[in-house]
Each structure stands twice: as C-alpha cells, then as structure tokens.
Amino acid sequence: MKRLINLFTTLCLLFSPMLFAQSTTPNILLITADDMDYHSVGVNGSNVEDITPNIDRLANEGMRFTNAHVTVAVCMPSRGVIGTGCYPNNSGMTGFFPSKPSVPTLAEELKLHKNYKPGVLGKVKHSTPKKVEKYVWEYNQDAKDLGSGRSPKLYKEHFKQFIAQAKEEKRPFFMMANSHDPHRPFFVDNPNYEKGGKQRPSRIYTPEEIEVPGFLEDLPEVRRELANYFSSVKRCDDTIGALLDALEEEGLTDNTIVIFLSDNGMAFPFAKSNVYLQSTRTPFMVKWPKHIKAGQVNEKDMVSMVDLMPTLLEACGVDVPRTLDGRSFLPILEGKKQKDRDMIYTHYNETSGSKAFPMRAVQTHDYLYIFSPWAVGGRQYKTSSINGKSFTAMKEKAVEDEALKLRVDFCLFRTVTEFYDLKNDPNGLNNLADDPKSAKKIAEFEKHMLAYMEKTNDPMLDMYKHKDDEDYLIKATEKHQEIVNDANRIRRAEKRKERNATNGKSDKHYQKNKKNRNSH
C-alpha cells in the first residue's frame with residue numbers, strides 16, 4: 001500500500017506542472033462593438049441615462065483606457081490590424097480583403113503554440129484576416145445565426161455551446177464575439193421587428209433623451225437618427241451583458257481575459273472612415289482577475305490596436321513574431337510603466353467599394369496632425385459615414401446657415417493637411433494648418449509623420465514628401481486609384497473563378513445524382 005501511495009505521489013509530481021499550466025492558461029474573450037463612439041459609454045462620460053451598465057461593470061472590474069485608438073477607423077481593415085498586429089500596408093489589408101498569406105495572425109498563433117480553441121461570433125468575414133481554404137476558426141456563427149447579429153439571447157446560447165466544447169476538449173479558448181450593433185441600420189421599431197431572431201433593446205430612446213456630439217449639428221433630424229443609434233448602443237450593451245453572464249455561469253470568470261473595444265467611431269460625418277479623434281478613439285477596457293487590479297483608469301498611456309495581438313500573445317506565454325509592427329502593452333496592464341506611449345499613428349485607405357481616400361494622422365494627447373493627399377483638384381469625399389439622414393439634414397440647413405455650409409463643404413473637400421489643438425478643440429472644428437502661431441508645433445508633427453512613414457514603409461511617403469505640390473498630388477492619387485482599381489479587378493476575377501468552380505462541382509454532383517435516379 002505504501003508503495004502505491006509513493007507511486008501516486010511521484011505521478012502527481014510529474015504531471016502537476018502540466019495540469020497547472022493547463023489550468024492557468026487564460027481563456028480570451030475579445031468583445032467588439034461595431035461603430036460605437038467612445039463617449040457613448042457611461043463610464044466614458046455619456047449623459048444618456050442607463051446607456052451601458054454592462055460595459056461600465058466590465059470597466060470597473062479591470063483597467064479602462066481613456067486614450068486607446070484603433071489604427072484604421074473602418075470595419076474589416078480595423079479588425080485586420082487587431083488580427084495581424086501589423087499596419088495595413090504591411091499586412092496587405094488596406095481595404096476590405098484578406099492579408100498576405102505569410103502574415104501570422106492572432107488566432108493561428110494561439111492555436112499553433114498553445115492549442116487554443118478559436119471561435120468567432122458575428123462579423124465573420126470582417127474578422128477573418130487570412131484567406132485560406134479553411135481558417136482556424138473551430139466554431140463559427142455569423143449574423144444569420146445570431147438574429148442578424150442583434151440577439152443577445154442567441155449570442156449567449158452560442159457562446160455557451162462553444163465553452164462546452166472547449167471544456168470537453170480540455171482546451172483554453174479564444175472567442176472573438178462581435179456585436180453587429182450599433183452599425184447601421186440602427187434600431188427602428190415595428191410590430192414585426194423580432195421576426196427572424198432579432199431582439200428589441202432593453203430600452204428604446206427618444207430624441208429628447210440623447211445628447212448630440214460636438215462634431216455634429218444639433219438638428220431635429222440628427223437627434224432622431226441619434227436616438228436610433230443610442231437604442232442600438234443599448235442593445236450592444238445587452239449583448240455584452242449576456243456574454244459576461246455566460247462566462248460567469250460556466251465558472252470561467254477568474255481565468256479569462258476579457259477585452260472590449262469598438263472597431264471604429266460612429267457612422268456619422270467626421271467620425272467613421274476618417275482619422276479624427278472621434279474616428280479612432282475607442283472605448284477600451286481589459287479585465288483579468290488576479291493579474292489586473294480592478295477599478296483602474298489609465299489616462300496617461302496612448303495605446304493602439306496594432307499593439308493588441310502582441311499583448312495577448314505575451315499574456316498567454318506565446319513568443320511574439322518579429323514581423324509584427326505592434327508592441328505589447330502587457331507591462332501597463334500589470335501596473336508597470338512603459339516608455340514611448342505618448343503618440344499614435346493612424347490610417348485610412350479606401351472604402352468597401354475600393355474608392356481611395358488615403359489619410360494619415362499623428363496624434364498626441366494635445367494635438368492632431370492629418371495628411372490627406374486625395375484632397376486636391378476638387379475631389380469629393382464619399383463614404384458610408386455621410387450616407388445617413390444626419391448629413392442630409394446638415395446639407396439642407398446649410399442653405400441658410402453660412403457657418404454650417406463651411407462645415408459641410410469641409411467634410412466633402414478637406415485640405416491636404418489639417419492641424420488641431422485637441423486640448424481646446426477636441427471636436428476638430430478649427431483647422432490650424434494655416435495658423436502662423438501654430439507653425440512651430442506643426443513643423444514638429446511633420447517630422448513625426450515622416451518618421452512614422454519611413455519606419456512602417458508607408459506607400460504614402462512619396463506623396464507626403466510632395467504635400468505642397470498640388471499638381472503632383474493630383475497625378476499621384478489618380479495613379480494610386482488606378483492601382484487600387486486594378487487590384488480590385490483581379491480580386492473580382494478570382495471570386496468569379498471560385499464561384500464558377502463551385503458551381504461546376506454542384507452541376508456535376510446534380511448530374512451524377514440525376515443519372516443515378518434515372519437508372520432505378
């Protein structure tokens with residue numbers, strides 16, 4: 001008997017490190033909102049009553065950042081940066097298309113090195129950075145399975161199914177749970193709204209209950225559209241509450257890193273698909289019990305989502321690939337200091353329809369410098385962010401309001417360079433690019449822009465060196481659009497070829513079955 005006890009003790013000693021490693025390898029729940037403004041969140045200063053109690057709870061249980069930014073303020077390119085840890089030009093994801101095949105991705109690295117079970121809920125195409133025959137997702141449910149991405153109940157059900165599979169397989173999990181709220185179309189109620197699985201938000205707001213951001217005009221139609229937007233924000237918060245409840249019910253809260261962010265700013269003028277403060281500043285919080293002290297608010301460090309992948313890899317004990325552009329901010333989460341966290345570099349490149357409006361920005365706590373080489377020759381800005389009722393209302397009002405007309409015209413045509421004093425003008429209403437008093441500070445930011453472009457091999461570098469030559473920029477941006485168009489044509493041809501191949505297989509299968517049926 002004593003010999004058996006000794007043998008059991010020896011086996012425990014041999015295998016306990018393995019069991020301990022498995023039990024302490026953290027799960028990851030990465031939750032994203034779709035087009036949510038930083039200030040729409042209660043803890044970030046929203047005055048809309050009871051708007052985000054679940055996000056607020058998450059923030060109070062971990063570390064909340066007040067100066068976190070996405071790298072690209074639009075959908076798939078933004079998520080591509082999160083998934084690759086690279087700037088768009090280095091990953092290949094400058095538009096709505098996948099990365100270069102050689103680029104490492106977050107889900108792949110976690111699965112390869114730590115046997116993580118990767119899953120995704122919602123926004124599957126936009127959240128899958130690499131085009132391969134079968135990406136590493138092992139659980140994959142898109143909008144149609146989630147009430148158009150607008151059912152907190154269905155998100156919870158699928159997340160619990162995924163957790164059950166991970167438990168059965170005895171593997172840590174990485175779940176990227178993407179709400180489709182508050183992306184357009186915003187919530188507008190009707191008697192049949194919940195047919196098809198969609199759910200109404202737990203609270204529906206009226207135009208009188210919301211607040212108008214300072215970069216928009218306070219008009220009746222703007223308020224009506226914002227009321228629909230805030231109702232969608234509320235439902236996004238409902239979804240986050242459902243996911244957090246599932247985690248708690250499964251007993252996994254203590255060993256799960258929970259991250260929340262929005263992929264970009266709200267889908268309104270001067271926000272999404274731009275590089276303004278309200279374009280890239282994201283509500284961002286990280287919870288990791290026993291590792292991150294609860295209730296912290298980081299107001300000092302500027303972090304970018306190009307840094308998220310290396311941070312998560314380091315937290316999980318995975319070596320960070322040297323090819324990544326991002327830098328881990330795990331030391332900050334652990335309560336340590338980290339140098340060079342006072343400036344970020346952001347991009348915008350092209351629309352989902354491959355219309356190029358390249359922009360670059362260098363931003364600190366106090367200043368924002370923007371380069372937009374497309375803003376020449378009377379070229380007009382056109383993205384989905386100005387397709388709603390708010391911009392239409394602003395244009396109509398501008399007919400009789402000269403100040404608003406200037407604002408509308410600036411939204412459409414811009415200038416090649418912009419410069420803002422964010423401390424005194426956080427909404428970016430007063431462009432100081434031609435202000436003699438700002439010349440010295442602008443010169444500093446011109447050097448920073450040049451340094452970032454050179455360091456990241458930015459293809460806009462040559463245009464930036466000719467930023468004062470309008471004729472050059474007209475020709476260069478026209479050539480750039482031609483390159484974008486050619487690449488888009490190639491991708492469309494590849495898609496047609498894939499569709500035809502798939503249809504050909506289906507036809508052969510149909511003919512074979514028909515032949516078999518006829519032979520009986």
# chains A, B, ... in the order shown; residues from 1 in each chain; ligands from 1

$ residues_around --residues "region 118-126 of chain A" --least-positions-apart "2" --cutoff "6 Å" --atoms "only C-alpha atoms" --output "list in words"
Met76, Thr128, Trp137, Glu138, Tyr139, Asn140, Gln141, Asp142, Ala143, Gly149, Phe173, Phe174, Met175, Met176, Ala177 and Asn178 of chain A

$ write_last_selection --atoms "N, CA, C and O atoms" --output "short mmCIF file (atom, residue, chain, number, x, y, z; two decimals), in the first residue's frame"
data_model
loop_
_atom_site.label_atom_id
_atom_site.label_comp_id
_atom_site.auth_asym_id
_atom_site.auth_seq_id
_atom_site.Cartn_x
_atom_site.Cartn_y
_atom_site.Cartn_z
N MET A 76 -13.46 46.05 -41.64
CA MET A 76 -12.51 44.96 -41.87
C MET A 76 -11.04 45.40 -41.75
O MET A 76 -10.23 44.68 -41.15
N THR A 128 -12.00 37.63 -40.15
CA THR A 128 -11.11 36.56 -40.60
C THR A 128 -10.02 37.18 -41.46
O THR A 128 -10.24 37.50 -42.62
N TRP A 137 -10.76 28.98 -37.34
CA TRP A 137 -11.96 29.00 -36.51
C TRP A 137 -12.54 27.59 -36.37
O TRP A 137 -12.77 26.91 -37.35
N GLU A 138 -12.80 27.18 -35.14
CA GLU A 138 -13.41 25.87 -34.90
C GLU A 138 -14.89 26.00 -34.52
O GLU A 138 -15.61 25.00 -34.43
N TYR A 139 -15.30 27.21 -34.26
CA TYR A 139 -16.72 27.49 -34.00
C TYR A 139 -17.02 28.80 -34.70
O TYR A 139 -16.34 29.80 -34.47
N ASN A 140 -18.02 28.79 -35.56
CA ASN A 140 -18.20 29.90 -36.49
C ASN A 140 -19.69 30.15 -36.70
O ASN A 140 -20.37 29.35 -37.34
N GLN A 141 -20.21 31.23 -36.13
CA GLN A 141 -21.63 31.56 -36.29
C GLN A 141 -21.73 33.01 -36.73
O GLN A 141 -21.24 33.91 -36.04
N ASP A 142 -22.39 33.25 -37.85
CA ASP A 142 -22.45 34.61 -38.38
C ASP A 142 -23.82 35.24 -38.11
O ASP A 142 -24.65 34.69 -37.39
N ALA A 143 -24.06 36.38 -38.73
CA ALA A 143 -25.25 37.18 -38.45
C ALA A 143 -26.55 36.38 -38.52
O ALA A 143 -27.42 36.51 -37.66
N GLY A 149 -27.20 39.35 -36.04
CA GLY A 149 -26.16 39.92 -35.17
C GLY A 149 -26.73 40.85 -34.12
O GLY A 149 -26.00 41.65 -33.54
N PHE A 173 -9.70 28.62 -24.58
CA PHE A 173 -10.37 29.12 -25.77
C PHE A 173 -10.05 30.59 -26.05
O PHE A 173 -9.72 31.36 -25.15
N PHE A 174 -10.14 30.93 -27.32
CA PHE A 174 -10.11 32.31 -27.79
C PHE A 174 -11.41 32.54 -28.55
O PHE A 174 -11.64 31.95 -29.60
N MET A 175 -12.28 33.35 -27.98
CA MET A 175 -13.54 33.68 -28.63
C MET A 175 -13.55 35.15 -29.00
O MET A 175 -13.36 36.02 -28.14
N MET A 176 -13.76 35.43 -30.29
CA MET A 176 -13.95 36.80 -30.75
C MET A 176 -15.45 36.98 -31.00
O MET A 176 -16.00 36.46 -31.97
N ALA A 177 -16.11 37.67 -30.07
CA ALA A 177 -17.56 37.86 -30.13
C ALA A 177 -17.85 39.27 -30.62
O ALA A 177 -17.57 40.25 -29.93
N ASN A 178 -18.42 39.37 -31.82
CA ASN A 178 -18.61 40.65 -32.49
C ASN A 178 -20.08 41.01 -32.59
O ASN A 178 -20.83 40.41 -33.35
#

$ residues_around --residues "region 370-378 of chain A" --least-positions-apart "6" --cutoff "6 Å" --atoms "only C-alpha atoms" --output "PyMOL selection string"
chain A and resi 357+359-361+414-418

$ select_by_dssp --residues "region 88-206 of chain A" --states "helix (DSSP H, G or I)" --output "number ranges by chain"
A: 88-91, 106-114, 124-127, 143-145, 152-169

$ write_last_selection --atoms "N, CA, C and O atoms" --output "compact mmCIF listing (two decimals), in the first residue's frame"
# COMPACT_ATOMS: atom_id res chain seq x y z
N PRO A 88 -1.80 48.32 -41.98
CA PRO A 88 -2.46 47.77 -43.18
C PRO A 88 -1.55 47.53 -44.37
O PRO A 88 -1.67 46.51 -45.05
N ASN A 89 -0.63 48.46 -44.62
CA ASN A 89 0.24 48.28 -45.78
C ASN A 89 1.19 47.11 -45.60
O ASN A 89 1.64 46.50 -46.58
N ASN A 90 1.50 46.75 -44.36
CA ASN A 90 2.41 45.62 -44.12
C ASN A 90 1.69 44.28 -44.05
O ASN A 90 2.28 43.23 -44.35
N SER A 91 0.42 44.29 -43.64
CA SER A 91 -0.35 43.05 -43.65
C SER A 91 -0.97 42.78 -45.02
O SER A 91 -1.30 41.65 -45.35
N LEU A 106 -3.45 36.30 -35.02
CA LEU A 106 -3.63 36.04 -33.60
C LEU A 106 -4.21 34.65 -33.34
O LEU A 106 -3.67 33.87 -32.54
N ALA A 107 -5.31 34.31 -34.00
CA ALA A 107 -5.95 33.01 -33.77
C ALA A 107 -5.04 31.85 -34.15
O ALA A 107 -4.97 30.83 -33.45
N GLU A 108 -4.31 32.02 -35.26
CA GLU A 108 -3.39 30.96 -35.69
C GLU A 108 -2.28 30.73 -34.68
O GLU A 108 -1.94 29.58 -34.35
N GLU A 109 -1.69 31.80 -34.19
CA GLU A 109 -0.57 31.68 -33.24
C GLU A 109 -1.02 31.05 -31.93
O GLU A 109 -0.32 30.22 -31.36
N LEU A 110 -2.20 31.44 -31.45
CA LEU A 110 -2.71 30.87 -30.20
C LEU A 110 -2.98 29.37 -30.35
O LEU A 110 -2.66 28.58 -29.45
N LYS A 111 -3.54 28.98 -31.47
CA LYS A 111 -3.84 27.56 -31.70
C LYS A 111 -2.55 26.76 -31.91
O LYS A 111 -2.39 25.67 -31.35
N LEU A 112 -1.64 27.31 -32.69
CA LEU A 112 -0.40 26.60 -33.03
C LEU A 112 0.47 26.35 -31.80
O LEU A 112 1.00 25.24 -31.61
N HIS A 113 0.62 27.36 -30.95
CA HIS A 113 1.59 27.26 -29.87
C HIS A 113 1.00 26.87 -28.52
O HIS A 113 1.73 26.38 -27.66
N LYS A 114 -0.30 27.08 -28.33
CA LYS A 114 -0.90 26.76 -27.03
C LYS A 114 -2.18 25.94 -27.15
O LYS A 114 -2.90 25.79 -26.16
N VAL A 124 -18.06 37.56 -39.30
CA VAL A 124 -17.06 36.51 -39.55
C VAL A 124 -16.10 36.91 -40.68
O VAL A 124 -14.88 36.80 -40.54
N LYS A 125 -16.64 37.37 -41.79
CA LYS A 125 -15.77 37.74 -42.91
C LYS A 125 -14.82 38.86 -42.52
O LYS A 125 -13.62 38.82 -42.80
N HIS A 126 -15.36 39.89 -41.87
CA HIS A 126 -14.53 41.04 -41.49
C HIS A 126 -13.52 40.71 -40.40
O HIS A 126 -12.55 41.43 -40.21
N SER A 127 -13.76 39.62 -39.66
CA SER A 127 -12.88 39.25 -38.56
C SER A 127 -11.94 38.09 -38.90
O SER A 127 -11.20 37.63 -38.03
N ALA A 143 -24.06 36.38 -38.73
CA ALA A 143 -25.25 37.18 -38.45
C ALA A 143 -26.55 36.38 -38.52
O ALA A 143 -27.42 36.51 -37.66
N LYS A 144 -26.68 35.54 -39.53
CA LYS A 144 -27.93 34.79 -39.73
C LYS A 144 -28.21 33.84 -38.57
O LYS A 144 -29.37 33.49 -38.30
N ASP A 145 -27.17 33.43 -37.85
CA ASP A 145 -27.32 32.53 -36.71
C ASP A 145 -27.52 33.29 -35.40
O ASP A 145 -27.73 32.69 -34.35
N PRO A 152 -29.04 39.35 -28.19
CA PRO A 152 -28.24 38.98 -27.01
C PRO A 152 -28.45 37.54 -26.59
O PRO A 152 -27.50 36.85 -26.22
N LYS A 153 -29.69 37.07 -26.67
CA LYS A 153 -30.01 35.70 -26.27
C LYS A 153 -29.25 34.68 -27.11
O LYS A 153 -28.68 33.71 -26.58
N LEU A 154 -29.22 34.88 -28.44
CA LEU A 154 -28.54 33.92 -29.31
C LEU A 154 -27.03 33.98 -29.15
O LEU A 154 -26.35 32.95 -29.25
N TYR A 155 -26.47 35.16 -28.89
CA TYR A 155 -25.04 35.25 -28.61
C TYR A 155 -24.70 34.41 -27.38
O TYR A 155 -23.71 33.66 -27.36
N LYS A 156 -25.52 34.53 -26.36
CA LYS A 156 -25.26 33.78 -25.12
C LYS A 156 -25.36 32.28 -25.37
O LYS A 156 -24.50 31.51 -24.91
N GLU A 157 -26.39 31.85 -26.09
CA GLU A 157 -26.57 30.42 -26.36
C GLU A 157 -25.38 29.84 -27.11
O GLU A 157 -24.86 28.77 -26.75
N HIS A 158 -24.93 30.54 -28.14
CA HIS A 158 -23.81 30.02 -28.94
C HIS A 158 -22.50 30.07 -28.15
O HIS A 158 -21.66 29.16 -28.29
N PHE A 159 -22.33 31.10 -27.35
CA PHE A 159 -21.11 31.18 -26.55
C PHE A 159 -21.05 30.03 -25.55
O PHE A 159 -19.99 29.41 -25.35
N LYS A 160 -22.17 29.68 -24.96
CA LYS A 160 -22.20 28.58 -24.00
C LYS A 160 -21.94 27.23 -24.71
O LYS A 160 -21.26 26.35 -24.16
N GLN A 161 -22.45 27.08 -25.92
CA GLN A 161 -22.15 25.87 -26.69
C GLN A 161 -20.65 25.76 -26.97
O GLN A 161 -20.06 24.68 -26.86
N PHE A 162 -20.06 26.87 -27.33
CA PHE A 162 -18.62 26.92 -27.61
C PHE A 162 -17.82 26.57 -26.36
O PHE A 162 -16.87 25.78 -26.41
N ILE A 163 -18.20 27.16 -25.22
CA ILE A 163 -17.50 26.87 -23.97
C ILE A 163 -17.61 25.39 -23.63
O ILE A 163 -16.62 24.76 -23.19
N ALA A 164 -18.78 24.81 -23.83
CA ALA A 164 -18.98 23.39 -23.54
C ALA A 164 -18.03 22.52 -24.36
O ALA A 164 -17.44 21.55 -23.85
N GLN A 165 -17.85 22.88 -25.64
CA GLN A 165 -16.92 22.14 -26.49
C GLN A 165 -15.48 22.27 -25.98
O GLN A 165 -14.73 21.29 -25.93
N ALA A 166 -15.09 23.50 -25.60
CA ALA A 166 -13.73 23.73 -25.10
C ALA A 166 -13.49 22.94 -23.80
O ALA A 166 -12.41 22.36 -23.61
N LYS A 167 -14.50 22.92 -22.94
CA LYS A 167 -14.36 22.15 -21.70
C LYS A 167 -14.20 20.66 -21.98
O LYS A 167 -13.35 19.99 -21.37
N GLU A 168 -15.01 20.16 -22.88
CA GLU A 168 -14.96 18.74 -23.22
C GLU A 168 -13.59 18.37 -23.80
O GLU A 168 -13.06 17.29 -23.53
N GLU A 169 -13.03 19.28 -24.59
CA GLU A 169 -11.73 19.03 -25.21
C GLU A 169 -10.56 19.39 -24.30
O GLU A 169 -9.40 19.20 -24.66

$ residues_around --residues "region 64-75 of chain A" --least-positions-apart "6" --cutoff "9 Å" --atoms "only C-alpha atoms" --output "PyMOL selection string"
chain A and resi 34-35+38+44+58+81-82+87-88+96+126-127+261-265+271-275+277+279-287+295-306+344-349+351+365

$ atom_distance --atom1 "CA of Asn47 (chain A)" --atom2 "CA of Tyr367 (chain A)"
25.6 Å

$ atom_distance --atom1 "CA of Asn387 (chain A)" --atom2 "CA of Asp421 (chain A)"
28.3 Å

$ closest_residue --among "A:Lys397, A:Lys382, A:Arg491, A:Arg407" --to "Asn431 (chain A)" --atoms "only C-alpha atoms"
A:Arg407

$ residues_around --residues "Lys130 (chain A)" --least-positions-apart "4" --cutoff "9 Å" --atoms "only C-alpha atoms" --output "PyMOL selection string"
chain A and resi 80+97-101+103-105+135

$ residues_around --residues "region 448-454 of chain A" --least-positions-apart "4" --cutoff "8 Å" --atoms "only C-alpha atoms" --output "ChimeraX atom specification"
/A:345,361-362,444,458-461,464

$ residues_around --residues "Ile240 (chain A)" --least-positions-apart "3" --cutoff "9 Å" --atoms "only C-alpha atoms" --output "list in words"
Ile31, Asn54, Ile55, Pro152, Tyr155, Ser179, Arg235, Cys236, Asp237, Leu243, Leu244, Asp245 and Phe260 of chain A

$ select_by_dssp --residues "region 216-337 of chain A" --states "strand (DSSP E)" --output "list in words"
Thr256, Ile257, Val258, Ile259, Phe260, Leu261, Ser262, Phe284, Met285, Val286, Lys287, Gln296, Val297, Asn298, Val303 and Ser304 of chain A

$ residues_around --residues "Ile204 (chain A)" --least-positions-apart "3" --cutoff "8 Å" --atoms "only C-alpha atoms" --output "list in words"
Pro201, Asn228, Ser231 and Lys234 of chain A

$ write_last_selection --atoms "all heavy atoms" --output "CSV table (one decimal), in the first residue's frame"
chain,number,residue,atom,x,y,z
A,201,PRO,N,-33.9,46.3,-28.1
A,201,PRO,CA,-33.1,46.6,-27.0
A,201,PRO,C,-33.9,46.7,-25.7
A,201,PRO,O,-35.1,46.9,-25.7
A,201,PRO,CB,-32.5,48.0,-27.3
A,201,PRO,CG,-33.4,48.5,-28.4
A,201,PRO,CD,-34.0,47.4,-29.1
A,228,ASN,N,-32.1,56.5,-32.6
A,228,ASN,CA,-32.0,55.2,-33.1
A,228,ASN,C,-30.6,54.5,-32.8
A,228,ASN,O,-30.5,53.4,-32.5
A,228,ASN,CB,-32.3,55.2,-34.6
A,228,ASN,CG,-33.7,55.6,-34.9
A,228,ASN,OD1,-34.6,55.5,-34.1
A,228,ASN,ND2,-33.9,56.2,-36.1
A,231,SER,N,-30.3,53.6,-29.1
A,231,SER,CA,-31.0,52.4,-28.9
A,231,SER,C,-30.2,51.2,-29.3
A,231,SER,O,-30.3,50.1,-28.6
A,231,SER,CB,-32.4,52.4,-29.6
A,231,SER,OG,-33.2,53.5,-29.1
A,234,LYS,N,-27.6,50.5,-26.8
A,234,LYS,CA,-28.2,49.8,-25.6
A,234,LYS,C,-28.2,48.3,-25.9
A,234,LYS,O,-27.9,47.5,-25.0
A,234,LYS,CB,-29.6,50.4,-25.3
A,234,LYS,CG,-30.2,49.8,-24.1
A,234,LYS,CD,-29.5,50.1,-22.8
A,234,LYS,CE,-30.2,49.6,-21.6
A,234,LYS,NZ,-29.4,49.9,-20.4

$ decode --residues "region 134-230 of chain A" --atoms "C-alpha atoms" --output "PDB file, in the first residue's frame"
ATOM      1  CA  LYS A 134     -10.086  26.641 -44.022  1.00  0.00           C
ATOM      2  CA  TYR A 135      -9.141  29.265 -41.445  1.00  0.00           C
ATOM      3  CA  VAL A 136      -8.524  28.105 -37.877  1.00  0.00           C
ATOM      4  CA  TRP A 137     -11.964  29.004 -36.514  1.00  0.00           C
ATOM      5  CA  GLU A 138     -13.415  25.871 -34.896  1.00  0.00           C
ATOM      6  CA  TYR A 139     -16.716  27.489 -34.002  1.00  0.00           C
ATOM      7  CA  ASN A 140     -18.197  29.905 -36.494  1.00  0.00           C
ATOM      8  CA  GLN A 141     -21.629  31.558 -36.292  1.00  0.00           C
ATOM      9  CA  ASP A 142     -22.454  34.614 -38.380  1.00  0.00           C
ATOM     10  CA  ALA A 143     -25.248  37.183 -38.450  1.00  0.00           C
ATOM     11  CA  LYS A 144     -27.926  34.787 -39.731  1.00  0.00           C
ATOM     12  CA  ASP A 145     -27.321  32.530 -36.713  1.00  0.00           C
ATOM     13  CA  LEU A 146     -27.441  35.464 -34.285  1.00  0.00           C
ATOM     14  CA  GLY A 147     -30.653  37.275 -35.200  1.00  0.00           C
ATOM     15  CA  SER A 148     -28.857  39.432 -37.782  1.00  0.00           C
ATOM     16  CA  GLY A 149     -26.162  39.920 -35.167  1.00  0.00           C
ATOM     17  CA  ARG A 150     -28.730  41.629 -32.956  1.00  0.00           C
ATOM     18  CA  SER A 151     -29.876  38.995 -30.464  1.00  0.00           C
ATOM     19  CA  PRO A 152     -28.238  38.985 -27.014  1.00  0.00           C
ATOM     20  CA  LYS A 153     -30.015  35.699 -26.267  1.00  0.00           C
ATOM     21  CA  LEU A 154     -28.544  33.919 -29.309  1.00  0.00           C
ATOM     22  CA  TYR A 155     -25.035  35.250 -28.611  1.00  0.00           C
ATOM     23  CA  LYS A 156     -25.260  33.780 -25.122  1.00  0.00           C
ATOM     24  CA  GLU A 157     -26.570  30.421 -26.357  1.00  0.00           C
ATOM     25  CA  HIS A 158     -23.809  30.020 -28.935  1.00  0.00           C
ATOM     26  CA  PHE A 159     -21.106  31.183 -26.548  1.00  0.00           C
ATOM     27  CA  LYS A 160     -22.199  28.575 -24.004  1.00  0.00           C
ATOM     28  CA  GLN A 161     -22.152  25.867 -26.689  1.00  0.00           C
ATOM     29  CA  PHE A 162     -18.623  26.919 -27.614  1.00  0.00           C
ATOM     30  CA  ILE A 163     -17.499  26.873 -23.969  1.00  0.00           C
ATOM     31  CA  ALA A 164     -18.976  23.386 -23.543  1.00  0.00           C
ATOM     32  CA  GLN A 165     -16.918  22.139 -26.493  1.00  0.00           C
ATOM     33  CA  ALA A 166     -13.731  23.728 -25.095  1.00  0.00           C
ATOM     34  CA  LYS A 167     -14.364  22.152 -21.697  1.00  0.00           C
ATOM     35  CA  GLU A 168     -14.955  18.742 -23.221  1.00  0.00           C
ATOM     36  CA  GLU A 169     -11.730  19.032 -25.214  1.00  0.00           C
ATOM     37  CA  LYS A 170      -9.875  20.377 -22.131  1.00  0.00           C
ATOM     38  CA  ARG A 171      -8.510  23.321 -24.104  1.00  0.00           C
ATOM     39  CA  PRO A 172      -8.248  27.050 -23.422  1.00  0.00           C
ATOM     40  CA  PHE A 173     -10.373  29.122 -25.771  1.00  0.00           C
ATOM     41  CA  PHE A 174     -10.111  32.312 -27.792  1.00  0.00           C
ATOM     42  CA  MET A 175     -13.544  33.677 -28.634  1.00  0.00           C
ATOM     43  CA  MET A 176     -13.953  36.799 -30.753  1.00  0.00           C
ATOM     44  CA  ALA A 177     -17.559  37.864 -30.130  1.00  0.00           C
ATOM     45  CA  ASN A 178     -18.606  40.654 -32.488  1.00  0.00           C
ATOM     46  CA  SER A 179     -21.859  42.505 -31.979  1.00  0.00           C
ATOM     47  CA  HIS A 180     -23.381  43.961 -35.147  1.00  0.00           C
ATOM     48  CA  ASP A 181     -24.604  46.915 -33.068  1.00  0.00           C
ATOM     49  CA  PRO A 182     -24.616  49.859 -33.289  1.00  0.00           C
ATOM     50  CA  HIS A 183     -23.806  49.563 -37.005  1.00  0.00           C
ATOM     51  CA  ARG A 184     -26.401  50.841 -39.465  1.00  0.00           C
ATOM     52  CA  PRO A 185     -29.247  50.135 -39.947  1.00  0.00           C
ATOM     53  CA  PHE A 186     -29.950  51.485 -36.480  1.00  0.00           C
ATOM     54  CA  PHE A 187     -32.825  50.137 -34.420  1.00  0.00           C
ATOM     55  CA  VAL A 188     -36.226  51.381 -35.631  1.00  0.00           C
ATOM     56  CA  ASP A 189     -39.152  49.584 -34.027  1.00  0.00           C
ATOM     57  CA  ASN A 190     -42.105  47.987 -35.815  1.00  0.00           C
ATOM     58  CA  PRO A 191     -44.699  45.348 -34.810  1.00  0.00           C
ATOM     59  CA  ASN A 192     -42.855  42.514 -36.577  1.00  0.00           C
ATOM     60  CA  TYR A 193     -39.374  43.571 -35.512  1.00  0.00           C
ATOM     61  CA  GLU A 194     -38.455  40.391 -33.646  1.00  0.00           C
ATOM     62  CA  LYS A 195     -39.309  38.032 -36.511  1.00  0.00           C
ATOM     63  CA  GLY A 196     -36.177  36.253 -37.657  1.00  0.00           C
ATOM     64  CA  GLY A 197     -34.491  36.294 -34.265  1.00  0.00           C
ATOM     65  CA  LYS A 198     -33.684  39.974 -33.746  1.00  0.00           C
ATOM     66  CA  GLN A 199     -34.417  41.385 -30.293  1.00  0.00           C
ATOM     67  CA  ARG A 200     -35.507  44.816 -29.217  1.00  0.00           C
ATOM     68  CA  PRO A 201     -33.068  46.645 -26.951  1.00  0.00           C
ATOM     69  CA  SER A 202     -33.887  46.645 -23.244  1.00  0.00           C
ATOM     70  CA  ARG A 203     -34.537  50.373 -23.526  1.00  0.00           C
ATOM     71  CA  ILE A 204     -35.581  52.456 -26.540  1.00  0.00           C
ATOM     72  CA  TYR A 205     -34.502  56.100 -26.525  1.00  0.00           C
ATOM     73  CA  THR A 206     -36.302  59.189 -27.767  1.00  0.00           C
ATOM     74  CA  PRO A 207     -34.694  62.236 -29.419  1.00  0.00           C
ATOM     75  CA  GLU A 208     -35.144  64.183 -26.171  1.00  0.00           C
ATOM     76  CA  GLU A 209     -33.185  61.618 -24.127  1.00  0.00           C
ATOM     77  CA  ILE A 210     -29.956  61.624 -26.093  1.00  0.00           C
ATOM     78  CA  GLU A 211     -27.025  64.018 -26.465  1.00  0.00           C
ATOM     79  CA  VAL A 212     -25.561  65.344 -29.714  1.00  0.00           C
ATOM     80  CA  PRO A 213     -21.757  65.044 -30.090  1.00  0.00           C
ATOM     81  CA  GLY A 214     -19.948  68.326 -30.559  1.00  0.00           C
ATOM     82  CA  PHE A 215     -18.746  67.428 -34.056  1.00  0.00           C
ATOM     83  CA  LEU A 216     -22.368  67.175 -35.289  1.00  0.00           C
ATOM     84  CA  GLU A 217     -25.083  69.793 -35.600  1.00  0.00           C
ATOM     85  CA  ASP A 218     -27.964  69.760 -33.112  1.00  0.00           C
ATOM     86  CA  LEU A 219     -30.882  69.469 -35.558  1.00  0.00           C
ATOM     87  CA  PRO A 220     -34.219  67.613 -35.130  1.00  0.00           C
ATOM     88  CA  GLU A 221     -33.383  65.001 -37.784  1.00  0.00           C
ATOM     89  CA  VAL A 222     -29.912  64.494 -36.308  1.00  0.00           C
ATOM     90  CA  ARG A 223     -31.496  63.885 -32.904  1.00  0.00           C
ATOM     91  CA  ARG A 224     -33.958  61.374 -34.354  1.00  0.00           C
ATOM     92  CA  GLU A 225     -31.179  59.404 -36.010  1.00  0.00           C
ATOM     93  CA  LEU A 226     -29.056  59.553 -32.871  1.00  0.00           C
ATOM     94  CA  ALA A 227     -31.977  58.206 -30.822  1.00  0.00           C
ATOM     95  CA  ASN A 228     -31.989  55.157 -33.105  1.00  0.00           C
ATOM     96  CA  TYR A 229     -28.215  54.908 -32.752  1.00  0.00           C
ATOM     97  CA  PHE A 230     -28.327  55.035 -28.936  1.00  0.00           C
TER      98      PHE A 230
END
